[in-house]
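Q: One structure follows; several queries about it will come next.
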Amino acid sequence: MAEHFAHVVRGSGPGLLLAHGGGGSIEGNYGMLIDELARTHTVIGPDYPGSGDTPRSQTPLDLDVVADAVVGTAVAAGVERFTVLGYSLGTAVAVRAATRHPDRVTGLILTSGFSHPSNKLRLAADVWRALLDAGDRRLLAKYLMVMGSGERALNALSPAELDAALDGLAAFVPDGTPEHVDLVSSVDTRAELAGISVPTLVIATLADGLVSPALSAELAAGIPGAQFAEIDAGHNIGAEAREQWLEMIQKFLSEIG
């Protein structure tokens, strides 16, 4: 696997490194935030293998290797130190980056995250992988919509809006998604949480059917001094609660300087 990933760099100021979710991308998971975040920070957004313009990996993904490459991408872009904003699988990448590169990581913001997959998340990943292998994109989109949307947000869609959302989701399945989903199933950062000493904010998504808010609470409890916040949204927080998410991120970034 490459030491660096294809990436975007935007803005100026202190470093902010983005770690996206499994089956996601920088544009897909953070596109709605980047312009605002780049007003105050140098934002580096690397895409994992098989997302964006990063070539798909020919071998299973390893959390150490992905975390090292995400950090290496920022350093190669000229940003030596940074806060890491992780979403979903990206929270495990962020934690591992902080563990392996403590001289570079100055803070962590962990959204919709987990230190290890619960039985529910592991089973969800198994179904996700099976639907990928079966090749029915529309059925996969329906499954991800059921699991990833907050019930209130999902039920507020008109039939036409729901249809359009399913079309968009079916069209957006990065080539590397099978490897990403397998990595979700293998994550375990529990043993390293107590050693994290940088300021940390953990944000739980309360209406999340894919990654339970209890997993975020467990993350926060494991990291000394971590702040814990909650947003009433599903896993698809960027679409369901963009303003609230952005406000929490910006507030924390301003607090830690």
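Chain labels run A, B, ... following the order of the structure tokens; each chain numbers its residues from 1, and ligands are numbered from 1 in the order shown.
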Near Val79 (chain A), counting only C-alpha atoms, which residues have an atom at most 10 Å away, once you skip same-chain residues fewer than 2 positions from it, shown as a ChimeraX atom specification?
A: /A:9,13-17,42-44,71-77,81-82,104
Q: The selected residues should be written to file as a short mmCIF file (atom, residue, chain, number, x, y, z; two decimals), in the first residue's frame (atoms: all heavy atoms).
A:
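Contents of again17.cif, freshly written:
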data_model
loop_
_atom_site.label_atom_id
_atom_site.label_comp_id
_atom_site.auth_asym_id
_atom_site.auth_seq_id
_atom_site.Cartn_x
_atom_site.Cartn_y
_atom_site.Cartn_z
N VAL A 9 -6.12 19.40 -0.18
CA VAL A 9 -5.59 20.33 0.82
C VAL A 9 -6.28 21.66 0.59
O VAL A 9 -6.27 22.18 -0.53
CB VAL A 9 -4.07 20.51 0.71
CG1 VAL A 9 -3.57 21.47 1.79
CG2 VAL A 9 -3.34 19.19 0.81
N GLY A 13 -3.72 27.91 8.11
CA GLY A 13 -3.84 27.94 9.56
C GLY A 13 -3.40 26.61 10.15
O GLY A 13 -2.75 25.81 9.47
N PRO A 14 -3.78 26.33 11.41
CA PRO A 14 -3.39 25.07 12.04
C PRO A 14 -3.90 23.87 11.25
O PRO A 14 -4.90 23.97 10.53
CB PRO A 14 -4.06 25.14 13.42
CG PRO A 14 -4.41 26.57 13.63
CD PRO A 14 -4.61 27.17 12.28
N GLY A 15 -3.20 22.75 11.40
CA GLY A 15 -3.56 21.56 10.63
C GLY A 15 -4.80 20.86 11.15
O GLY A 15 -5.00 20.74 12.37
N LEU A 16 -5.64 20.41 10.23
CA LEU A 16 -6.81 19.58 10.56
C LEU A 16 -6.85 18.43 9.55
O LEU A 16 -7.08 18.64 8.36
CB LEU A 16 -8.10 20.40 10.49
CG LEU A 16 -9.39 19.63 10.78
CD1 LEU A 16 -9.39 19.09 12.22
CD2 LEU A 16 -10.61 20.52 10.55
N LEU A 17 -6.57 17.24 10.05
CA LEU A 17 -6.50 16.04 9.20
C LEU A 17 -7.81 15.27 9.31
O LEU A 17 -8.28 14.98 10.41
CB LEU A 17 -5.33 15.17 9.65
CG LEU A 17 -5.11 13.84 8.95
CD1 LEU A 17 -4.88 14.01 7.46
CD2 LEU A 17 -3.91 13.11 9.59
N THR A 42 -5.76 24.59 7.93
CA THR A 42 -5.29 23.88 6.75
C THR A 42 -5.87 22.48 6.82
O THR A 42 -5.49 21.68 7.70
CB THR A 42 -3.75 23.80 6.71
OG1 THR A 42 -3.22 25.12 6.75
CG2 THR A 42 -3.28 23.10 5.44
N VAL A 43 -6.81 22.18 5.96
CA VAL A 43 -7.54 20.91 5.99
C VAL A 43 -6.91 19.95 4.99
O VAL A 43 -6.80 20.26 3.81
CB VAL A 43 -9.03 21.12 5.65
CG1 VAL A 43 -9.77 19.80 5.69
CG2 VAL A 43 -9.66 22.12 6.62
N ILE A 44 -6.51 18.77 5.49
CA ILE A 44 -5.95 17.72 4.62
C ILE A 44 -6.93 16.55 4.64
O ILE A 44 -7.26 16.03 5.71
CB ILE A 44 -4.57 17.23 5.10
CG1 ILE A 44 -3.63 18.41 5.38
CG2 ILE A 44 -3.94 16.29 4.06
CD1 ILE A 44 -3.58 18.78 6.83
N VAL A 71 -1.41 9.91 8.14
CA VAL A 71 -0.47 10.86 8.76
C VAL A 71 0.61 11.25 7.75
O VAL A 71 0.95 12.44 7.60
CB VAL A 71 0.16 10.24 10.03
CG1 VAL A 71 1.34 11.08 10.51
CG2 VAL A 71 -0.89 10.11 11.12
N GLY A 72 1.15 10.27 7.03
CA GLY A 72 2.19 10.54 6.03
C GLY A 72 1.72 11.47 4.94
O GLY A 72 2.50 12.30 4.42
N THR A 73 0.46 11.39 4.59
CA THR A 73 -0.11 12.27 3.57
C THR A 73 -0.07 13.72 4.04
O THR A 73 0.29 14.63 3.28
CB THR A 73 -1.56 11.86 3.25
OG1 THR A 73 -1.57 10.51 2.77
CG2 THR A 73 -2.17 12.76 2.19
N ALA A 74 -0.44 13.94 5.30
CA ALA A 74 -0.43 15.30 5.85
C ALA A 74 1.00 15.85 5.90
O ALA A 74 1.24 17.00 5.51
CB ALA A 74 -1.04 15.31 7.25
N VAL A 75 1.93 15.04 6.36
CA VAL A 75 3.32 15.48 6.49
C VAL A 75 3.90 15.80 5.11
O VAL A 75 4.57 16.82 4.92
CB VAL A 75 4.16 14.42 7.23
CG1 VAL A 75 5.63 14.81 7.24
CG2 VAL A 75 3.64 14.24 8.66
N ALA A 76 3.60 14.94 4.13
CA ALA A 76 4.08 15.18 2.76
C ALA A 76 3.48 16.45 2.17
O ALA A 76 4.09 17.10 1.32
CB ALA A 76 3.76 13.98 1.88
N ALA A 77 2.28 16.82 2.66
CA ALA A 77 1.64 18.05 2.19
C ALA A 77 2.17 19.29 2.93
O ALA A 77 1.70 20.41 2.69
CB ALA A 77 0.12 17.95 2.37
N ARG A 81 1.94 19.04 12.17
CA ARG A 81 1.16 18.73 13.37
C ARG A 81 -0.29 19.09 13.11
O ARG A 81 -0.59 20.04 12.38
CB ARG A 81 1.69 19.50 14.59
CG ARG A 81 3.01 18.93 15.09
CD ARG A 81 3.71 19.88 16.07
NE ARG A 81 2.93 20.19 17.27
CZ ARG A 81 2.78 19.37 18.31
NH1 ARG A 81 3.37 18.18 18.31
NH2 ARG A 81 2.07 19.73 19.36
N PHE A 82 -1.23 18.35 13.71
CA PHE A 82 -2.64 18.52 13.33
C PHE A 82 -3.56 17.87 14.35
O PHE A 82 -3.20 16.92 15.05
CB PHE A 82 -2.88 17.88 11.95
CG PHE A 82 -2.06 16.64 11.71
CD1 PHE A 82 -2.39 15.42 12.29
CD2 PHE A 82 -0.90 16.70 10.95
CE1 PHE A 82 -1.61 14.30 12.10
CE2 PHE A 82 -0.10 15.58 10.76
CZ PHE A 82 -0.46 14.38 11.34
N ARG A 104 2.82 14.22 16.48
CA ARG A 104 2.16 14.96 15.39
C ARG A 104 0.70 15.30 15.69
O ARG A 104 0.17 16.28 15.19
CB ARG A 104 2.24 14.16 14.10
CG ARG A 104 3.68 13.93 13.63
CD ARG A 104 3.75 13.66 12.15
NE ARG A 104 5.11 13.42 11.69
CZ ARG A 104 5.99 14.37 11.39
NH1 ARG A 104 5.64 15.65 11.54
NH2 ARG A 104 7.19 14.07 10.94
#
Q: Quick one: residues within 9 Å of Glu230 (chain A), only C-alpha atoms counted, chain neighbours fewer than 2 positions away excluded, as a list in words?
A: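 What passes the distance filter is Val202, Ile203, Ala204, Thr205, Leu206, Pro213, Phe228, Asp232 and Ala233 of chain A.
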Q: Give the answer as one residue: which of A:Ala221, A:Leu63, A:Leu132, A:Val211 has the shortest atom-to-atom distance to Ile237 (chain A), using only C-alpha atoms?
A: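 Of A:Ala221, A:Leu63, A:Leu132, A:Val211, the one nearest Ile237 (chain A) is A:Val211, counting only C-alpha atoms.
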Q: Write out as an NGL selection string all residues of region 3-67 of chain A that DSSP puts in strand (DSSP E) for this structure's backbone.
A: :A and (7-10 or 15-19 or 42-46)
Q: For Glu255 (chain A), please output as a ChimeraX atom specification all residues within 12 Å (counting only C-alpha atoms; exclusion window: fewer than 3 positions along the same chain).
A: /A:107,199-201,227,248-252
Q: At a cut-off of 12 Å, can you tabulate as a tab-separated table every residue of region 66-123 of chain A near region 20-26 of chain A together with its closest atom pair and the distance in Å to one decimal, using only C-alpha atoms and ordering rows by chain then number?
A:
residue	atom	partner	partner_atom	distance
A:Val66	CA	A:His20	CA	11.3
A:Ala67	CA	A:His20	CA	11.4
A:Val70	CA	A:His20	CA	10.3
A:Val84	CA	A:His20	CA	10.5
A:Leu85	CA	A:His20	CA	8.5
A:Gly86	CA	A:His20	CA	6.2
A:Tyr87	CA	A:His20	CA	5.5
A:Ser88	CA	A:Gly21	CA	4.9
A:Leu89	CA	A:Gly21	CA	4.7
A:Gly90	CA	A:His20	CA	4.8
A:Thr91	CA	A:Gly21	CA	8.2
A:Ala92	CA	A:Gly21	CA	9.6
A:Val93	CA	A:His20	CA	8.7
A:Ala94	CA	A:His20	CA	9.6
A:Leu110	CA	A:His20	CA	10.7
A:Thr111	CA	A:Gly21	CA	10.0
A:Ser112	CA	A:Gly21	CA	9.5
A:Gly113	CA	A:Gly21	CA	9.4
A:Phe114	CA	A:Gly21	CA	11.4
Q: Would you mind reading off the distance between CA of Gly150 (chain A) and CA of Asp208 (chain A), one decimal, in Å?
A: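 Rounded to one decimal, the two atoms are 6.0 Å apart.
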Q: What's around Ala165 (chain A) at 10 Å? Count only C-alpha atoms, leave out sequence neighbours fewer than 4 positions away in its own chain, and write the answer as a PyMOL selection string.
A: chain A and resi 141-142+145+154+157+159-161+169-171
Q: Go ahead and write the selection's residues with N, CA, C and O atoms as a compact mmCIF listing (two decimals), in the first residue's frame.
A:
# COMPACT_ATOMS: atom_id res chain seq x y z
N ALA A 141 -28.23 0.02 -1.16
CA ALA A 141 -28.61 1.40 -0.80
C ALA A 141 -29.77 1.40 0.19
O ALA A 141 -29.78 2.18 1.16
N LYS A 142 -30.76 0.53 -0.03
CA LYS A 142 -31.89 0.44 0.90
C LYS A 142 -31.44 0.01 2.29
O LYS A 142 -31.87 0.56 3.32
N MET A 145 -29.56 2.83 3.93
CA MET A 145 -30.51 3.88 4.31
C MET A 145 -31.23 3.51 5.60
O MET A 145 -31.39 4.35 6.50
N LEU A 154 -35.39 10.08 8.01
CA LEU A 154 -35.79 9.16 6.94
C LEU A 154 -37.28 9.29 6.65
O LEU A 154 -37.70 9.38 5.48
N LEU A 157 -38.73 12.29 4.47
CA LEU A 157 -38.52 12.37 3.02
C LEU A 157 -39.81 12.06 2.27
O LEU A 157 -40.56 11.14 2.64
N PRO A 159 -41.71 10.57 -1.17
CA PRO A 159 -41.33 9.43 -2.02
C PRO A 159 -40.27 9.78 -3.06
O PRO A 159 -39.33 9.01 -3.29
N ALA A 160 -40.41 10.96 -3.68
CA ALA A 160 -39.44 11.38 -4.70
C ALA A 160 -38.06 11.62 -4.08
O ALA A 160 -37.02 11.26 -4.66
N GLU A 161 -38.06 12.24 -2.89
CA GLU A 161 -36.77 12.50 -2.20
C GLU A 161 -36.10 11.19 -1.79
O GLU A 161 -34.88 11.05 -1.90
N LEU A 169 -27.13 7.05 -3.27
CA LEU A 169 -26.39 6.09 -2.45
C LEU A 169 -25.93 4.90 -3.29
O LEU A 169 -24.79 4.42 -3.14
N ALA A 170 -26.79 4.44 -4.18
CA ALA A 170 -26.44 3.30 -5.05
C ALA A 170 -25.29 3.65 -5.99
O ALA A 170 -24.45 2.81 -6.31
N ALA A 171 -25.27 4.92 -6.41
CA ALA A 171 -24.21 5.35 -7.34
C ALA A 171 -22.89 5.57 -6.61
O ALA A 171 -21.82 5.50 -7.22
Q: Report as a list in words all protein, DNA and RNA residues lying within 9 Å of Gly222 (chain A), evaluated on only C-alpha atoms, omitting residues in the same chain fewer than 3 positions from it.
A: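 Non-adjacent residues within range: Arg190, Glu192, Leu193, Ala194, Ala217, Glu218, Leu219 and Ala226 of chain A.
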Q: Keeping N, CA and C atoms, export the residues of the selection given above as a tab-separated table (two decimals), in the first residue's frame.
A:
chain	number	residue	atom	x	y	z
A	190	ARG	N	-9.22	-0.66	21.90
A	190	ARG	CA	-9.52	-0.51	23.34
A	190	ARG	C	-8.28	-0.39	24.21
A	192	GLU	N	-5.45	0.89	23.70
A	192	GLU	CA	-4.62	2.10	23.59
A	192	GLU	C	-5.32	3.38	24.05
A	193	LEU	N	-6.62	3.29	24.36
A	193	LEU	CA	-7.37	4.50	24.69
A	193	LEU	C	-6.83	5.21	25.92
A	194	ALA	N	-6.46	4.44	26.94
A	194	ALA	CA	-5.99	5.04	28.20
A	194	ALA	C	-4.69	5.81	28.02
A	217	ALA	N	-20.00	6.45	23.67
A	217	ALA	CA	-19.87	6.65	25.12
A	217	ALA	C	-18.71	5.82	25.67
A	218	GLU	N	-18.56	4.61	25.14
A	218	GLU	CA	-17.46	3.74	25.57
A	218	GLU	C	-16.10	4.33	25.16
A	219	LEU	N	-16.05	4.90	23.95
A	219	LEU	CA	-14.83	5.57	23.49
A	219	LEU	C	-14.47	6.70	24.44
A	226	ALA	N	-11.66	13.02	28.09
A	226	ALA	CA	-12.40	13.28	26.85
A	226	ALA	C	-13.72	14.00	27.14
Q: For a test of reading the model, state the distance in Å between CA of Pro174 (chain A) and CA of Ala6 (chain A), rounded to one decimal.
A: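 Going from CA of Pro174 (chain A) over to CA of Ala6 (chain A) covers 14.0 Å.
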Q: Please compute the CA of Ala125 (chain A)-CA of Ser185 (chain A) distance, one decimal, in Å.
A: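 Value for the CA of Ala125 (chain A)-CA of Ser185 (chain A) distance: 6.7 Å.
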Q: Hey, which of A:Gly148, A:Glu179, A:Asp188, A:Gly50 ends up closest to Ser212 (chain A)? Count only C-alpha atoms.
A: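 Smallest distance to Ser212 (chain A) is found for A:Gly148.
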Q: Could you check which of A:Asp103, A:Asp47, A:Asp68, A:Glu27 is closest to Val198 (chain A), using only C-alpha atoms?
A: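 Smallest distance to Val198 (chain A) is found for A:Asp103.
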Q: Assign secondary structure with DSSP using the backbone only, and return the residues of region 117-237 of chain A in alpha helix (DSSP H) as an MDAnalysis selection string.
A: chainID A and resid 119:134 137:148 151:155 159:171 177:186 213:222 237
Q: Closest to Ala19 (chain A) among A:Ala156, A:Leu183, A:Ala97, A:Ile231, using only C-alpha atoms?
A: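 Among the listed residues, A:Ala97 lies closest to Ala19 (chain A).
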Q: Counting only C-alpha atoms, which of A:Val95, A:Ala38, A:Val173, A:Ile109 gets nearest to Leu144 (chain A)?
A: A:Val173
Q: List the neighbours of Leu61 (chain A) out to 10 Å using only C-alpha atoms; skip same-chain residues closer than 4 positions along the sequence, and give me the result as JSON, numbers by chain.
A: {"A": [1, 48, 49, 57, 65, 66, 176, 178, 179, 180, 181, 182, 183, 184, 186]}
Q: Using N, CA and C atoms, can you write the selected residues to a file as a CSV table (one decimal), in the first residue's frame?
A:
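To be explicit, this is the file written out as result.csv:
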chain,number,residue,atom,x,y,z
A,1,MET,N,0.8,-1.2,0.0
A,1,MET,CA,0.0,0.0,0.0
A,1,MET,C,0.9,1.3,0.0
A,48,TYR,N,-8.9,6.8,1.5
A,48,TYR,CA,-8.4,5.5,1.7
A,48,TYR,C,-8.3,4.8,0.4
A,49,PRO,N,-7.6,3.7,0.3
A,49,PRO,CA,-7.5,2.9,-0.9
A,49,PRO,C,-8.9,2.5,-1.5
A,57,SER,N,-6.6,-1.2,-2.9
A,57,SER,CA,-5.6,-2.1,-2.4
A,57,SER,C,-5.8,-3.5,-2.9
A,65,VAL,N,-1.3,0.5,9.0
A,65,VAL,CA,-0.8,1.0,7.7
A,65,VAL,C,-1.7,2.2,7.2
A,66,VAL,N,-3.0,2.0,7.4
A,66,VAL,CA,-3.9,3.1,7.0
A,66,VAL,C,-3.6,4.4,7.8
A,176,GLY,N,-13.2,0.4,-3.2
A,176,GLY,CA,-12.5,-0.2,-2.1
A,176,GLY,C,-13.4,-0.5,-0.9
A,178,PRO,N,-15.3,-3.1,-0.1
A,178,PRO,CA,-15.2,-4.4,0.6
A,178,PRO,C,-14.0,-4.4,1.6
A,179,GLU,N,-12.9,-3.8,1.2
A,179,GLU,CA,-11.8,-3.8,2.1
A,179,GLU,C,-12.1,-2.9,3.3
A,180,HIS,N,-12.8,-1.8,3.1
A,180,HIS,CA,-13.1,-0.9,4.2
A,180,HIS,C,-14.0,-1.6,5.2
A,181,VAL,N,-15.0,-2.4,4.7
A,181,VAL,CA,-16.0,-3.0,5.5
A,181,VAL,C,-15.3,-4.1,6.3
A,182,ASP,N,-14.4,-4.8,5.7
A,182,ASP,CA,-13.6,-5.9,6.4
A,182,ASP,C,-12.8,-5.2,7.6
A,183,LEU,N,-12.2,-4.0,7.3
A,183,LEU,CA,-11.5,-3.4,8.3
A,183,LEU,C,-12.4,-3.0,9.5
A,184,VAL,N,-13.6,-2.5,9.2
A,184,VAL,CA,-14.5,-2.2,10.3
A,184,VAL,C,-14.7,-3.4,11.2
A,186,SER,N,-12.6,-5.7,11.9
A,186,SER,CA,-11.4,-6.1,12.6
A,186,SER,C,-10.8,-5.1,13.6
